[in-house]
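Let me begin by presenting the structure, written as structure tokens, before commenting on it.
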Amino acid sequence: MRFVRHHLLTGYAVLVLVYLFLPISVVVAFSFNNPKGRFNYTWQGFTFKNWTDPFGYPGIEGALKVSIELALLSSLAATALGTLVALALVRYRFKGSATTNLLIFIPMTTPEVVMGASLLTLFVNWRIPQGFGTILIAHILFNISYVVVTVRARLVGFDRHLEEAAMDLGANELVTFTKVTLPLIMPGILAAGLLAFALSIDDFVITYFNAGATVTFPLFVWGAARVATPPQINVIGTAIFIIAVTGMLTNILVQNLRSRKGAVPA
Amino acid sequence: MLHRRKGAIPYLLLAPGMAWLAVFFLVPMWYLGKMSLSQGLFPIFSFGWAWANFHDAITSYGVQFERSGEYAGIATIIALVGSYPLAYWIAFRGGRWKNLFLLLVIAPFFVTYLIRTLAWETILADNGVVVRTLQHLHILGSNGRLLATSAAVIAGITYNFLPFMVLPLYVSLEQIDHRLIEAAEDLYASRPRAFYRVTLPLSLPGVFAGVLLTFIPAAGDFINAQLLGTPQQYMIGNIIQSEFLSVRDYPTAAALSFVLMAAILAIVLVFARILGTERLTVAA
């Protein structure tokens, strides 16, 4: 009986994973499709030509470039700003920390349409023309909270004795921070940066409200979906997926190998 | 002297990030509030305590509000019931490969949201394998459809926000001290009883966090209804989006945004009272 139950749960877990990957397999499969018309909805035949010519549809290359630029800039800025906030929240007791926590938390509980709409109202009121700059402002905004939460989680488990040891050995505050604190919380900062990058490159709703004439990759997909769905969309989608998953997989495998050797406790 | 410098440090660290949040989150909310009480036609709106905007918004779009709550609620419940066993399996049976399984759960969401949803459109399409199989089995009528139904929209929402449920559930299940469960069993609790009396209560923070994190984006979503449904399935997000970007009736759209925000904030506050903000954000 226990055997059956054990495997029942495993079987269920496998089923859920299959369900999760079902649309992804469709995306990957249709990147090899050779559609007859403008829409890539039914299977017509196998081809590599979409993969050899991923930018073979007007506008797709520019859109992807804009998305990558936005993701790089917004994740860098948000990681810098958010890490400082996380340091303040974990390291110091100060007046207003509850309010700060609340202000970090509320944007994460605000529906994207509302956040996008409020920024639109701001830019209209201030007569700021919408475009790359306004998207960047928005992306930094929604990323900050996620960075704070991610870095803070890493800082909470931090052993402060290590810093005290450095200070006892004559290091000043700046040296202690750059030589001890920063390297130790670096994995948290990197994770936050990657999360911010992923959130930015995938964002549609907030971008849609504040893009003006600028087209990001998700906006391109949205616009394209009405008139045509070139298989190149699937190629780019698959490529982003493979890059992200390979990166994370490598990270996990390296960590697992290290912890097996006992070099670094997991 | 040193003490006073220390006193200023946290504020210096906070200043740039919090300034960004204040200028680009709080100030826009204030403008949105002002807009919701304004009158006029695009592009000229004038403020004038037009509370009627709220009354009109709720009476005109009450249906979509209810539908958003209903769809998001159903999707959240399905996501909770569906992903609890998965999170449990990873946390208790994952062993050394927990992180790998977790990656498998998150991986599909590295495919752009819109592309994922378009893929569901392909899967549920009228001449697709799924519909034809269901018609063959007489579960669907010969003209039965999956696309353009409430079920399709709810399924899309459930799928798209699933990681927001799985991750907090996993985090809270993973933190449970196994010795507590062993203790319960040593004290002659059956396995189901040990689960209901020990494991489940200890995982409740994850359940609350997951419900919140799934329900909020689900209630404000408009992409699933747009791509997998018809105007008959439109949610409040669709209305806000089109009122802002197509109709350009900013006051009505702003009022709708505020009502949505208020409804969600009310739910959040209830949850925050149960859990505390700190816990809620950490679980997030």
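By convention here, the chains of the structure tokens are called A, B, ... in the order presented, each chain's residues are numbered starting at 1, and ligands are numbered starting at 1 in the order presented.
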Check: Counting only C-alpha atoms, what is within 9 Å of Asp249 (chain B), bar same-chain residues fewer than 5 positions away, as a list in words?
Finding: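 Skipping anything fewer than 5 positions along the chain leaves Gly40, Leu41, Phe42, Ser242, Glu243, Phe244 and Ala254 of chain B.
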Closest atom pairs, residues of chain B within 6 Å of chain A, only C-alpha atoms, as CSV:
residue,atom,partner,partner_atom,distance
B:Pro10,CA,A:Ala88,CA,4.7
B:Leu13,CA,A:Leu84,CA,5.0
B:Leu14,CA,A:Val85,CA,4.8
B:Gly17,CA,A:Leu81,CA,4.7
B:Pro28,CA,A:Ser118,CA,4.9
B:Met29,CA,A:Ser118,CA,5.6
B:Leu32,CA,A:Ser118,CA,5.3
B:Leu86,CA,A:Ala13,CA,5.1
B:Phe110,CA,A:Phe241,CA,5.1
B:Val111,CA,A:Phe241,CA,5.3
B:Thr112,CA,A:Asp202,CA,5.4
B:Ala119,CA,A:Pro23,CA,5.3
B:Trp120,CA,A:Pro23,CA,6.0
B:Thr122,CA,A:Tyr41,CA,5.6
B:Pro217,CA,A:Pro111,CA,5.6
B:Gly220,CA,A:Pro111,CA,5.3
B:Ser257,CA,A:Val114,CA,5.4
Check: Using only C-alpha atoms, which residues sit within 7 Å of Ala63 (chain A) once same-chain residues fewer than 4 positions away are excluded, as a PyMOL selection string?
Finding: chain A and resi 59+67+215-217+220
Please, which residues in region 103-158 of chain A fall within 6 Å of region 174-195 of chain A when counting only C-alpha atoms, and what is the closest atom pair and distance in Å to one decimal for each, ordered by chain then residue number, as a tab-separated table?
residue	atom	partner	partner_atom	distance
A:Val147	CA	A:Ala192	CA	4.9
A:Thr150	CA	A:Ala192	CA	5.6
A:Val151	CA	A:Gly188	CA	5.1
A:Arg154	CA	A:Gly188	CA	5.5
Check: What does the distance from CA of Gly82 (chain B) to CA of Ile223 (chain B) come to in Å, to one decimal?
Finding: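 A separation of 22.4 Å between them.
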Note to self: Quick check, in Å to one decimal: how far apart do CA of Thr158 (chain B) and CA of Leu118 (chain B) lie?
What the structure shows: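 Atom-to-atom, CA of Thr158 (chain B) to CA of Leu118 (chain B), that is 14.9 Å.
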Note to self: Ranking B:Ile181, B:Ala79, B:Leu227, B:Leu114 by minimum distance to Tyr159 (chain B) and counting only C-alpha atoms, which one comes first?
What the structure shows: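 Distance minimum relative to Tyr159 (chain B) lands on B:Ala79.
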Checklist line | Spatial neighbours of Ile239 (chain B), max dist 9 Å, only C-alpha atoms, sep filter under 3 positions, as a PyMOL selection string | finding: chain B and resi 61+64+222+234-236+242-244+253+256
For the residues in the current selection, export C-alpha atoms as a PDB file, in the first residue's frame.
ATOM      1  CA  TYR B  61     -18.802  47.055 -15.715  1.00  0.00           C
ATOM      2  CA  GLN B  64     -16.645  42.147 -15.730  1.00  0.00           C
ATOM      3  CA  PHE B 222      -6.492  40.518 -19.786  1.00  0.00           C
ATOM      4  CA  TYR B 234     -13.679  39.743 -21.031  1.00  0.00           C
ATOM      5  CA  MET B 235     -12.432  40.548 -17.567  1.00  0.00           C
ATOM      6  CA  ILE B 236     -11.958  43.919 -15.898  1.00  0.00           C
ATOM      7  CA  SER B 242      -9.382  49.330 -23.886  1.00  0.00           C
ATOM      8  CA  GLU B 243     -10.794  52.321 -21.973  1.00  0.00           C
ATOM      9  CA  PHE B 244      -7.248  53.657 -21.611  1.00  0.00           C
ATOM     10  CA  ALA B 253     -10.501  53.745 -16.782  1.00  0.00           C
ATOM     11  CA  LEU B 256     -12.031  51.150 -12.683  1.00  0.00           C
TER      12      LEU B 256
END
Check: Which residues in region 18-104 of chain A does DSSP call alpha helix (DSSP H)? List them as a count of residues only.
Finding: 57
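Between CA of Phe215 (chain B) and CA of Leu245 (chain B) there is a distance of 24.5 Å.
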